[in-house]
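Written below as structure tokens is the structure these notes are about.
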Amino acid sequence: MAKSPSRLYGYPGRNLEIRTRSIEQTLVPLVSQITTLVNHREVSRRSERTCRAIERIGQAVSLAVERFVNVGEALAEEHRELQQEMFQACQEARLAGSNIAKLTDISFDDTGQLSLPGDKNAMVRAARGLLSAVTRVLLIGDQVTINQIMASRARVKESLRKIKDTRNFSEFVQCFSQFGKEMVELAHLTGDRQVDLKDERQRAKMASSRATLEKSTMLLLTSCKTFLRHPDCQPAGLARDGILRSIHSALDTIQTVVEVRPQSHSPTSKSYTNGVPATPKRAHTVLKEFLENVESARVTLADQSTRDKLDDSLRQVSDSAQDFTDSAYTSHEHREKIIRLEEIVRTDLQDIESAGKRLEKQRRVRHDDQLDSAILKMSKTITELRKQLQSTAVEQAADIFRTSEDHVTLTGLREAAQTGDKGRLQKSAEKFHEHSEQVQDLCRLLSHVTPSESLTVRLEMTGDNLRNLGPLITHAGTAMAELPTSKIAKEHLDILIDAWEGIINDVSSYVKDMVQKTQSKPNEKRQYMSLPRPGSYVSPDKHGTTVKSLKPSRLDAEEQTNIAKSGLELKLLTSELDAESDRWGDQENDIIRRARNLSSMAYAMHMFSSGKGSLRTTQDLFKQAEYFAEEGNKLFRCVRDTTFQAPDCHLRGDLMHLLDRVLSYCQQLLFITRSPATGKIATFNKVDSTIQDTKLLLTILIRVLPLCSSLVSQYNLPIYRSPSLKSRPSHSSSSITESRTSGDETDSIGSSGNSDSSQRRVPLPIYRHKLLHNTHSLDRP
């Protein structure tokens with residue numbers, strides 16, 4: 001009998017590890033209420049009023065859990081593969097909620113005194129059982145998303161198999177079209193999962209894998225067309241097979257991230273570069289641990305245990321530094337400096353160990369000046385060694401980008417392939433292979449010294465991509481040399497070279513990010529002011545706190561060009577939204593007014609992408625996008641309240657499904673706009689993500705308006721009109737300094753008037769809104 005998807009995809013069973021932000025945030029109100037109940041148990045004397053309040057809280061928790069498990073059981077009915085586990089978890093949650101209610105019931109003894117059954121230990125046990133049961137229900141519900149991603153991944157792999165087996169163009173066109181649709185579905189599912197993951201390394205792995213899949217799609221198209229046009233050309237077949245392997249590798253990485261199974265989250269996990277295992281630990285990590293062990297010697301007086309730890313740390317530092325000294329591309333000057341600093345570290349360690357042994361013989365228990373001096377000297381040397389390793393990697397990167405050797409080499413390879421000069425092509429291929437190894441070695445060294453875990457993952461996976469892409473360019477060049485008149489072979493080589501240059505540009509941006517992170521000043525003093533300084537952005541719910549100034553920036557000409565296409569698409573979507581709004585007979589209801597407000601704000605964002613309009617800086621854009629998301633939340637509530645008045649029907653179900661996506665995109669846009677971005681590259685990526693998410697939200701709203709209009713006209717539903725709500729003129733340049741719409745400002749999901757936790761909300765998968773909605777009542781007694 002086949003395994004159920006829950007077992008097949010690594011369902012955690014009793015493992016209650018929370019790996020997503022949405023589940024973690026869902027449990028916050030429940031933890032708050034249970035903490036209140038447990039704390040009141042510590043009070044020996046309680047008034048009747050207090051006991052009644054505790055009783056009401058216990059009953060509210062029990063009722064909320066009952067509604068919660070009802071939704072969980074309904075979800076189990078829709079997904080039979082999870083039915084048994086879900087029913088069992090719901091039964092445990094229902095029982096735990098009932099126990100909470102019983103422990104908070106009040107009664108009177110024979111003397112007329114109030115009494116509460118149980119004690120604090122009983123309440124703690126019941127609370128622990130409730131948290132465990134509710135968490136398990138949420139994890140099983142999360143398995144629905146995991147199953148969806150894994151099923152989508154399986155469909156993509158099946159499409160890849162069909163593409164590989166096809167032998168004619170008509171069949172290939174059909175297979176590739178289906179492959180494209182399934183890739184889009186997988187991209188949406190994995191994108192939501194990436195944002196929801198808690199672990200930084202896992203998010204980076206998912207992002208890198210998704211980027212590889214996106215870039216590999218066009219490579220697969222041209223490689224397959226070349227092979228189908230020239231089936232007897234062996235290099236063309238090898239190039240196609242290599243791209244297929246790259247796609248399968250990215251899909252396997254997605255599987256390891258998505259599957260709920262123990263993962264290695266530490267930076268010590270092994271990666272592979274140039275086909276061989278890299279060092280077990282990064283230099284940044286071992287130097288940090290070494291420095292911590294040196295500082296601990298101040299407390300332990302360098303006893304035997306501390307000295308053993310220091311010796312072990314020194315061996316790890318030597319192993320990590322050996323990657324730099326053994327590199328063929330490290331300059332002699334840098335190699336000598338690293339070796340000299342290693343010798344100084346060994347000498348300093350001997351001083352610390354000698355001081356520790358002397359203190360042991362003297363049986364002293366106080367700090368020693370000689371030991372303190374040795375520790376300070378060692379700490380300074382470790383810091384110098386870290387800077388030297390960083391300098392070595394950065395200078396190697398500068399040498400590569402200064403000479404532009406890859407461009408020169410690839411140009412020669414392309415010219416040799418076009419002329420059919422196989423001898424020259426062979427020399428160019430060998431030179432390109434050497435350059436590829438140098439860039440891969442650079443990625444390895446950079447991953448050693450970067451302080452960012454996500455950047456480490458990106459560098460490791462970039463090195464793997466370079467190792468996979470290099471031979472493909474050589475195969476494509478050989479194929480073109482054999483087929484000098486083939487246009488498709490030339491196109492294939494050009495696209496592969498463009499992909500290589502794109503990865504090299506990524507490496508350049510990674511170097512800039514790493515330099516920025518390593519040169520930042522974490523102990524920089526901040527000027528306190530009760531009001532924000534000019535040019536700084538302060539979230540409304542953090543007024544009065546001191547925050548780091550964010551300098552408003554403008555896009556340069558190159559960035560303006562890159563973002564222009566997305567801005568044009570945004571303008572077209574605003575026109576479609578206006579057209580759908582014009583079809584409504586009643587132009588004064590809240591739905592149409594808010595839709596026109598959204599269209600106006602989106603048009604202002606389009607004007608920003610073309611360098612015009614009232615939005616001058618990136619901070620203006622982010623603030624406008626924040627208002628846009630909040631207005632989308634209000635439109636969501638207007639349409640939802642109207643939809644609830646209609647009876648159950650197919651039209652209402654379709655509309656509610658789209659509304660779930662509106663809510664998800666609004667939360668995702670709020671999350672992006674409120675996330676910090678430091679540096680030019682990060683700011684541009686944030687701008688691009690903001691415009692892309694705005695486009696996604698507009699696309700859904702264009703589908704929502706006609707469905708809502710049909711539902712309203714079919715059942716003659718009334719729509720609320722806010723007298724204070726005014727719609728902005730269509731496609732006006734709305735200023736971000738304009739006061740917010742004074743309609744129903746309260747109860748806005750993710751609005752700036754919410755608590756601080758609203759800034760950390762992340763988009764939830766569509767299925768989970770029903771399941772998690774009922775937990776919101778847990779924050780009300």
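Residues in the structure tokens are numbered from 1 in each chain, the chains being A, B, ... in the order shown, and ligands are numbered from 1 in the order shown.
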
Next on the checklist: Using DSSP assignments from the backbone, pull out every residue in segment 655-724 of chain A that falls under alpha helix (DSSP H) and give it to me as a VMD selection string.
Outcome noted: chain A and resid 655 to 673 680 to 715

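Excluding Phe628 of chain A itself and any same-chain residue fewer than 6 positions from it, the protein and nucleic acid residues within 8 Å of it, counting only C-alpha atoms, are A:Leu598, A:Met601, A:Ala602.
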
Using N, CA, C and O atoms, can you export the residues from the last selection as a PDB file, in the first residue's frame?
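Final file, selection.pdb:
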```
ATOM      1  N   LEU A 598      -6.912  52.880  -4.733  1.00  0.00           N
ATOM      2  CA  LEU A 598      -5.814  51.956  -5.022  1.00  0.00           C
ATOM      3  C   LEU A 598      -5.235  52.216  -6.410  1.00  0.00           C
ATOM      4  O   LEU A 598      -4.016  52.191  -6.608  1.00  0.00           O
ATOM      5  N   MET A 601      -3.051  55.377  -6.253  1.00  0.00           N
ATOM      6  CA  MET A 601      -1.757  55.161  -5.598  1.00  0.00           C
ATOM      7  C   MET A 601      -0.826  54.317  -6.466  1.00  0.00           C
ATOM      8  O   MET A 601       0.379  54.565  -6.534  1.00  0.00           O
ATOM      9  N   ALA A 602      -1.381  53.301  -7.147  1.00  0.00           N
ATOM     10  CA  ALA A 602      -0.561  52.467  -8.026  1.00  0.00           C
ATOM     11  C   ALA A 602      -0.026  53.282  -9.203  1.00  0.00           C
ATOM     12  O   ALA A 602       1.106  53.081  -9.651  1.00  0.00           O
TER      13      ALA A 602
END
```

For Leu455 of chain A: contacts at 10 Å, only C-alpha atoms, fewer than 5 positions along chain excluded, given as a PDB file with N, CA, C and O atoms, in the first residue's frame:
```pdb
ATOM      1  N   GLU A 200      17.107  31.535   8.730  1.00  0.00           N
ATOM      2  CA  GLU A 200      17.719  32.384   7.709  1.00  0.00           C
ATOM      3  C   GLU A 200      18.388  31.569   6.614  1.00  0.00           C
ATOM      4  O   GLU A 200      18.266  31.873   5.418  1.00  0.00           O
ATOM      5  N   ARG A 201      19.066  30.498   6.990  1.00  0.00           N
ATOM      6  CA  ARG A 201      19.740  29.671   5.986  1.00  0.00           C
ATOM      7  C   ARG A 201      18.732  28.977   5.078  1.00  0.00           C
ATOM      8  O   ARG A 201      18.941  28.868   3.864  1.00  0.00           O
ATOM      9  N   ALA A 204      17.400  31.407   2.570  1.00  0.00           N
ATOM     10  CA  ALA A 204      18.387  31.682   1.525  1.00  0.00           C
ATOM     11  C   ALA A 204      18.487  30.520   0.539  1.00  0.00           C
ATOM     12  O   ALA A 204      18.616  30.731  -0.678  1.00  0.00           O
ATOM     13  N   LEU A 446      35.018  33.818   0.023  1.00  0.00           N
ATOM     14  CA  LEU A 446      34.057  34.806   0.518  1.00  0.00           C
ATOM     15  C   LEU A 446      33.083  34.185   1.510  1.00  0.00           C
ATOM     16  O   LEU A 446      32.712  34.811   2.513  1.00  0.00           O
ATOM     17  N   SER A 447      32.661  32.957   1.244  1.00  0.00           N
ATOM     18  CA  SER A 447      31.744  32.294   2.175  1.00  0.00           C
ATOM     19  C   SER A 447      32.422  32.021   3.515  1.00  0.00           C
ATOM     20  O   SER A 447      31.754  31.913   4.543  1.00  0.00           O
ATOM     21  N   THR A 450      32.326  35.958   5.303  1.00  0.00           N
ATOM     22  CA  THR A 450      31.149  36.815   5.427  1.00  0.00           C
ATOM     23  C   THR A 450      30.437  36.557   6.753  1.00  0.00           C
ATOM     24  O   THR A 450      30.305  35.405   7.179  1.00  0.00           O
ATOM     25  N   GLU A 460      27.752  29.877  -1.555  1.00  0.00           N
ATOM     26  CA  GLU A 460      27.989  28.449  -1.761  1.00  0.00           C
ATOM     27  C   GLU A 460      27.217  27.941  -2.980  1.00  0.00           C
ATOM     28  O   GLU A 460      27.763  27.214  -3.821  1.00  0.00           O
ATOM     29  N   MET A 461      25.935  28.327  -3.091  1.00  0.00           N
ATOM     30  CA  MET A 461      25.129  27.854  -4.209  1.00  0.00           C
ATOM     31  C   MET A 461      25.538  28.528  -5.514  1.00  0.00           C
ATOM     32  O   MET A 461      25.420  27.922  -6.595  1.00  0.00           O
ATOM     33  N   TYR A 510      27.446  40.448  -4.193  1.00  0.00           N
ATOM     34  CA  TYR A 510      27.700  39.757  -2.923  1.00  0.00           C
ATOM     35  C   TYR A 510      28.963  40.322  -2.250  1.00  0.00           C
ATOM     36  O   TYR A 510      29.010  40.463  -1.015  1.00  0.00           O
ATOM     37  N   VAL A 511      29.972  40.623  -3.058  1.00  0.00           N
ATOM     38  CA  VAL A 511      31.198  41.191  -2.497  1.00  0.00           C
ATOM     39  C   VAL A 511      30.899  42.538  -1.855  1.00  0.00           C
ATOM     40  O   VAL A 511      31.361  42.845  -0.741  1.00  0.00           O
ATOM     41  N   ASP A 513      28.031  43.564  -0.663  1.00  0.00           N
ATOM     42  CA  ASP A 513      27.253  43.334   0.557  1.00  0.00           C
ATOM     43  C   ASP A 513      28.155  42.892   1.704  1.00  0.00           C
ATOM     44  O   ASP A 513      27.997  43.337   2.849  1.00  0.00           O
ATOM     45  N   MET A 514      29.097  41.997   1.388  1.00  0.00           N
ATOM     46  CA  MET A 514      29.979  41.488   2.441  1.00  0.00           C
ATOM     47  C   MET A 514      30.863  42.604   2.989  1.00  0.00           C
ATOM     48  O   MET A 514      31.048  42.740   4.207  1.00  0.00           O
TER      49      MET A 514
END
```

Item to check | DSSP strand (DSSP E or B) residues within segment 34-155 of chain A, listed as a ChimeraX atom specification | outcome: /A:107-108,114-115

Export of the given selection (N, CA, C and O atoms) as a PDB file, in the first residue's frame:
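This is the output file out.pdb:
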```pdb
ATOM      1  N   SER A 107     -16.372  27.231  42.755  1.00  0.00           N
ATOM      2  CA  SER A 107     -17.418  26.588  43.568  1.00  0.00           C
ATOM      3  C   SER A 107     -17.289  27.098  45.005  1.00  0.00           C
ATOM      4  O   SER A 107     -16.340  27.806  45.344  1.00  0.00           O
ATOM      5  N   PHE A 108     -18.251  26.742  45.820  1.00  0.00           N
ATOM      6  CA  PHE A 108     -18.255  27.175  47.213  1.00  0.00           C
ATOM      7  C   PHE A 108     -18.221  25.941  48.108  1.00  0.00           C
ATOM      8  O   PHE A 108     -18.927  24.952  47.857  1.00  0.00           O
ATOM      9  N   LEU A 114     -15.033  30.638  48.597  1.00  0.00           N
ATOM     10  CA  LEU A 114     -14.744  30.295  47.203  1.00  0.00           C
ATOM     11  C   LEU A 114     -13.604  29.286  47.144  1.00  0.00           C
ATOM     12  O   LEU A 114     -12.659  29.344  47.925  1.00  0.00           O
ATOM     13  N   SER A 115     -13.721  28.373  46.192  1.00  0.00           N
ATOM     14  CA  SER A 115     -12.645  27.393  45.990  1.00  0.00           C
ATOM     15  C   SER A 115     -12.512  27.112  44.502  1.00  0.00           C
ATOM     16  O   SER A 115     -13.497  27.085  43.769  1.00  0.00           O
TER      17      SER A 115
END
```

Using only C-alpha atoms, determine which residues lie at most 12 Å from segment 98-103 of chain A, disregarding the query and same-chain residues fewer than 3 positions distant; provide the list as an mmCIF file with N, CA, C and O atoms, in the first residue's frame.
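Ended up saving to selection_16.cif:
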```cif
data_model
loop_
_atom_site.group_PDB
_atom_site.id
_atom_site.type_symbol
_atom_site.label_atom_id
_atom_site.label_comp_id
_atom_site.auth_asym_id
_atom_site.auth_seq_id
_atom_site.Cartn_x
_atom_site.Cartn_y
_atom_site.Cartn_z
ATOM 1 N N GLN A 33 -2.960 34.197 27.157
ATOM 2 C CA GLN A 33 -4.085 33.862 28.032
ATOM 3 C C GLN A 33 -3.711 32.779 29.041
ATOM 4 O O GLN A 33 -4.082 32.849 30.216
ATOM 5 N N ILE A 34 -2.958 31.779 28.584
ATOM 6 C CA ILE A 34 -2.570 30.704 29.498
ATOM 7 C C ILE A 34 -1.630 31.239 30.571
ATOM 8 O O ILE A 34 -1.707 30.843 31.742
ATOM 9 N N LEU A 37 -3.662 32.736 33.294
ATOM 10 C CA LEU A 37 -4.279 31.739 34.176
ATOM 11 C C LEU A 37 -3.260 31.146 35.147
ATOM 12 O O LEU A 37 -3.550 30.978 36.338
ATOM 13 N N VAL A 38 -2.061 30.844 34.648
ATOM 14 C CA VAL A 38 -1.049 30.230 35.510
ATOM 15 C C VAL A 38 -0.575 31.220 36.572
ATOM 16 O O VAL A 38 -0.400 30.865 37.742
ATOM 17 N N ARG A 41 -2.699 31.623 39.644
ATOM 18 C CA ARG A 41 -2.652 30.499 40.589
ATOM 19 C C ARG A 41 -1.656 30.755 41.710
ATOM 20 O O ARG A 41 -1.705 30.105 42.749
ATOM 21 N N CYS A 51 -11.943 35.724 40.786
ATOM 22 C CA CYS A 51 -12.251 34.330 40.448
ATOM 23 C C CYS A 51 -13.217 34.256 39.286
ATOM 24 O O CYS A 51 -13.098 33.384 38.408
ATOM 25 N N ILE A 54 -11.264 34.920 36.138
ATOM 26 C CA ILE A 54 -10.486 33.738 35.744
ATOM 27 C C ILE A 54 -11.388 32.693 35.110
ATOM 28 O O ILE A 54 -11.037 32.052 34.111
ATOM 29 N N GLU A 55 -12.582 32.530 35.674
ATOM 30 C CA GLU A 55 -13.525 31.549 35.120
ATOM 31 C C GLU A 55 -13.913 31.924 33.692
ATOM 32 O O GLU A 55 -14.003 31.057 32.815
ATOM 33 N N ARG A 56 -14.156 33.218 33.464
ATOM 34 C CA ARG A 56 -14.533 33.646 32.114
ATOM 35 C C ARG A 56 -13.393 33.420 31.117
ATOM 36 O O ARG A 56 -13.632 33.026 29.970
ATOM 37 N N ILE A 57 -12.164 33.682 31.550
ATOM 38 C CA ILE A 57 -11.024 33.439 30.659
ATOM 39 C C ILE A 57 -10.924 31.959 30.305
ATOM 40 O O ILE A 57 -10.718 31.580 29.146
ATOM 41 N N GLY A 58 -11.077 31.092 31.305
ATOM 42 C CA GLY A 58 -11.018 29.654 31.040
ATOM 43 C C GLY A 58 -12.101 29.203 30.087
ATOM 44 O O GLY A 58 -11.863 28.402 29.169
ATOM 45 N N GLN A 59 -13.312 29.729 30.259
ATOM 46 C CA GLN A 59 -14.402 29.368 29.351
ATOM 47 C C GLN A 59 -14.153 29.902 27.942
ATOM 48 O O GLN A 59 -14.453 29.216 26.952
ATOM 49 N N ALA A 60 -13.606 31.145 27.863
ATOM 50 C CA ALA A 60 -13.312 31.710 26.539
ATOM 51 C C ALA A 60 -12.257 30.892 25.814
ATOM 52 O O ALA A 60 -12.366 30.644 24.605
ATOM 53 N N VAL A 61 -11.224 30.454 26.555
ATOM 54 C CA VAL A 61 -10.204 29.610 25.941
ATOM 55 C C VAL A 61 -10.804 28.295 25.453
ATOM 56 O O VAL A 61 -10.530 27.835 24.342
ATOM 57 N N SER A 62 -11.651 27.687 26.263
ATOM 58 C CA SER A 62 -12.280 26.423 25.886
ATOM 59 C C SER A 62 -13.149 26.581 24.644
ATOM 60 O O SER A 62 -13.106 25.745 23.722
ATOM 61 N N LEU A 63 -13.949 27.665 24.571
ATOM 62 C CA LEU A 63 -14.797 27.889 23.408
ATOM 63 C C LEU A 63 -13.962 28.168 22.159
ATOM 64 O O LEU A 63 -14.287 27.680 21.063
ATOM 65 N N ALA A 64 -12.891 28.956 22.315
ATOM 66 C CA ALA A 64 -12.031 29.247 21.169
ATOM 67 C C ALA A 64 -11.363 27.984 20.645
ATOM 68 O O ALA A 64 -11.250 27.780 19.434
ATOM 69 N N VAL A 65 -10.926 27.125 21.547
ATOM 70 C CA VAL A 65 -10.315 25.864 21.130
ATOM 71 C C VAL A 65 -11.338 24.986 20.415
ATOM 72 O O VAL A 65 -11.020 24.324 19.411
ATOM 73 N N GLU A 66 -12.568 25.004 20.881
ATOM 74 C CA GLU A 66 -13.614 24.205 20.232
ATOM 75 C C GLU A 66 -13.849 24.674 18.802
ATOM 76 O O GLU A 66 -13.955 23.860 17.875
ATOM 77 N N GLN A 91 -8.840 15.941 18.843
ATOM 78 C CA GLN A 91 -9.413 15.354 20.056
ATOM 79 C C GLN A 91 -8.567 15.715 21.282
ATOM 80 O O GLN A 91 -9.113 16.041 22.354
ATOM 81 N N GLU A 92 -7.247 15.676 21.124
ATOM 82 C CA GLU A 92 -6.369 16.061 22.230
ATOM 83 C C GLU A 92 -6.554 17.532 22.589
ATOM 84 O O GLU A 92 -6.580 17.895 23.774
ATOM 85 N N ALA A 93 -6.682 18.390 21.571
ATOM 86 C CA ALA A 93 -6.874 19.823 21.840
ATOM 87 C C ALA A 93 -8.202 20.075 22.524
ATOM 88 O O ALA A 93 -8.299 20.888 23.452
ATOM 89 N N ARG A 94 -9.256 19.385 22.079
ATOM 90 C CA ARG A 94 -10.578 19.564 22.688
ATOM 91 C C ARG A 94 -10.548 19.128 24.159
ATOM 92 O O ARG A 94 -11.106 19.797 25.040
ATOM 93 N N LEU A 95 -9.886 18.010 24.430
ATOM 94 C CA LEU A 95 -9.783 17.525 25.810
ATOM 95 C C LEU A 95 -8.983 18.497 26.677
ATOM 96 O O LEU A 95 -9.346 18.781 27.820
ATOM 97 N N ILE A 106 -15.381 27.876 39.384
ATOM 98 C CA ILE A 106 -15.403 28.213 40.808
ATOM 99 C C ILE A 106 -16.556 27.500 41.484
ATOM 100 O O ILE A 106 -17.578 27.171 40.862
ATOM 101 N N SER A 107 -16.372 27.231 42.755
ATOM 102 C CA SER A 107 -17.418 26.588 43.568
ATOM 103 C C SER A 107 -17.289 27.098 45.005
ATOM 104 O O SER A 107 -16.340 27.806 45.344
ATOM 105 N N SER A 115 -13.721 28.373 46.192
ATOM 106 C CA SER A 115 -12.645 27.393 45.990
ATOM 107 C C SER A 115 -12.512 27.112 44.502
ATOM 108 O O SER A 115 -13.497 27.085 43.769
ATOM 109 N N LEU A 116 -11.248 26.960 44.078
ATOM 110 C CA LEU A 116 -10.948 26.600 42.698
ATOM 111 C C LEU A 116 -10.337 25.209 42.684
ATOM 112 O O LEU A 116 -9.417 24.933 43.444
ATOM 113 N N PRO A 117 -10.875 24.295 41.873
ATOM 114 C CA PRO A 117 -10.314 22.941 41.827
ATOM 115 C C PRO A 117 -8.893 22.952 41.292
ATOM 116 O O PRO A 117 -8.534 23.786 40.467
ATOM 117 N N GLY A 118 -8.082 22.037 41.767
ATOM 118 C CA GLY A 118 -6.710 21.912 41.285
ATOM 119 C C GLY A 118 -5.799 22.954 41.895
ATOM 120 O O GLY A 118 -6.184 23.792 42.689
ATOM 121 N N ASP A 119 -4.525 22.896 41.504
ATOM 122 C CA ASP A 119 -3.540 23.850 41.983
ATOM 123 C C ASP A 119 -2.725 24.335 40.793
ATOM 124 O O ASP A 119 -3.074 24.093 39.640
ATOM 125 N N LYS A 120 -1.637 25.046 41.120
ATOM 126 C CA LYS A 120 -0.828 25.599 40.040
ATOM 127 C C LYS A 120 -0.202 24.495 39.177
ATOM 128 O O LYS A 120 -0.143 24.615 37.944
ATOM 129 N N ASN A 121 0.250 23.410 39.786
ATOM 130 C CA ASN A 121 0.864 22.331 39.023
ATOM 131 C C ASN A 121 -0.124 21.716 38.040
ATOM 132 O O ASN A 121 0.229 21.399 36.901
ATOM 133 N N ALA A 122 -1.379 21.566 38.495
ATOM 134 C CA ALA A 122 -2.398 21.024 37.599
ATOM 135 C C ALA A 122 -2.652 21.970 36.427
ATOM 136 O O ALA A 122 -2.807 21.534 35.276
ATOM 137 N N MET A 123 -2.688 23.266 36.708
ATOM 138 C CA MET A 123 -2.897 24.248 35.633
ATOM 139 C C MET A 123 -1.722 24.242 34.662
ATOM 140 O O MET A 123 -1.897 24.351 33.446
ATOM 141 N N VAL A 124 -0.507 24.124 35.175
ATOM 142 C CA VAL A 124 0.675 24.090 34.306
ATOM 143 C C VAL A 124 0.628 22.875 33.387
ATOM 144 O O VAL A 124 0.910 22.964 32.187
ATOM 145 N N ARG A 125 0.262 21.720 33.955
ATOM 146 C CA ARG A 125 0.162 20.511 33.126
ATOM 147 C C ARG A 125 -0.912 20.663 32.056
ATOM 148 O O ARG A 125 -0.717 20.277 30.894
ATOM 149 N N ALA A 126 -2.057 21.228 32.444
ATOM 150 C CA ALA A 126 -3.133 21.419 31.470
ATOM 151 C C ALA A 126 -2.718 22.420 30.392
ATOM 152 O O ALA A 126 -3.021 22.228 29.205
ATOM 153 N N ALA A 127 -2.040 23.487 30.795
ATOM 154 C CA ALA A 127 -1.598 24.488 29.822
ATOM 155 C C ALA A 127 -0.582 23.897 28.851
ATOM 156 O O ALA A 127 -0.637 24.145 27.641
ATOM 157 N N ARG A 128 0.348 23.109 29.391
ATOM 158 C CA ARG A 128 1.341 22.479 28.523
ATOM 159 C C ARG A 128 0.662 21.527 27.528
ATOM 160 O O ARG A 128 1.011 21.483 26.344
ATOM 161 N N GLY A 129 -0.329 20.786 27.998
ATOM 162 C CA GLY A 129 -1.054 19.877 27.108
ATOM 163 C C GLY A 129 -1.823 20.627 26.035
ATOM 164 O O GLY A 129 -1.874 20.191 24.876
ATOM 165 N N LEU A 130 -2.422 21.770 26.401
ATOM 166 C CA LEU A 130 -3.173 22.553 25.414
ATOM 167 C C LEU A 130 -2.250 23.132 24.352
ATOM 168 O O LEU A 130 -2.545 23.061 23.153
ATOM 169 N N LEU A 131 -1.148 23.711 24.781
ATOM 170 C CA LEU A 131 -0.197 24.268 23.811
ATOM 171 C C LEU A 131 0.321 23.188 22.864
ATOM 172 O O LEU A 131 0.446 23.395 21.657
#
```

Checklist entry - Rounded to one decimal in Å, what is the spacing between atom CA of Arg467 of chain A and atom CA of Glu437 of chain A? => result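 Taking atom CA of Arg467 of chain A as the start and atom CA of Glu437 of chain A as the end point, the length is 7.8 Å.
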
Next on the checklist: From the options A:Ser223, A:Gln350, A:Cys233, A:Ala297, which residue's atoms come nearest to Lys490 of chain A, counting only C-alpha atoms?
Outcome noted: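 Result for the nearest residue to Lys490 of chain A: A:Ser223.
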
Item to check | Non-local contacts of Thr411 of chain A (12 Å; only C-alpha atoms; under 5 positions in same chain excluded) as an NGL selection string | outcome: :A and (404-406 or 416-418 or 425 or 428-429 or 431-432 or 473 or 477 or 493-494 or 497-498 or 501)
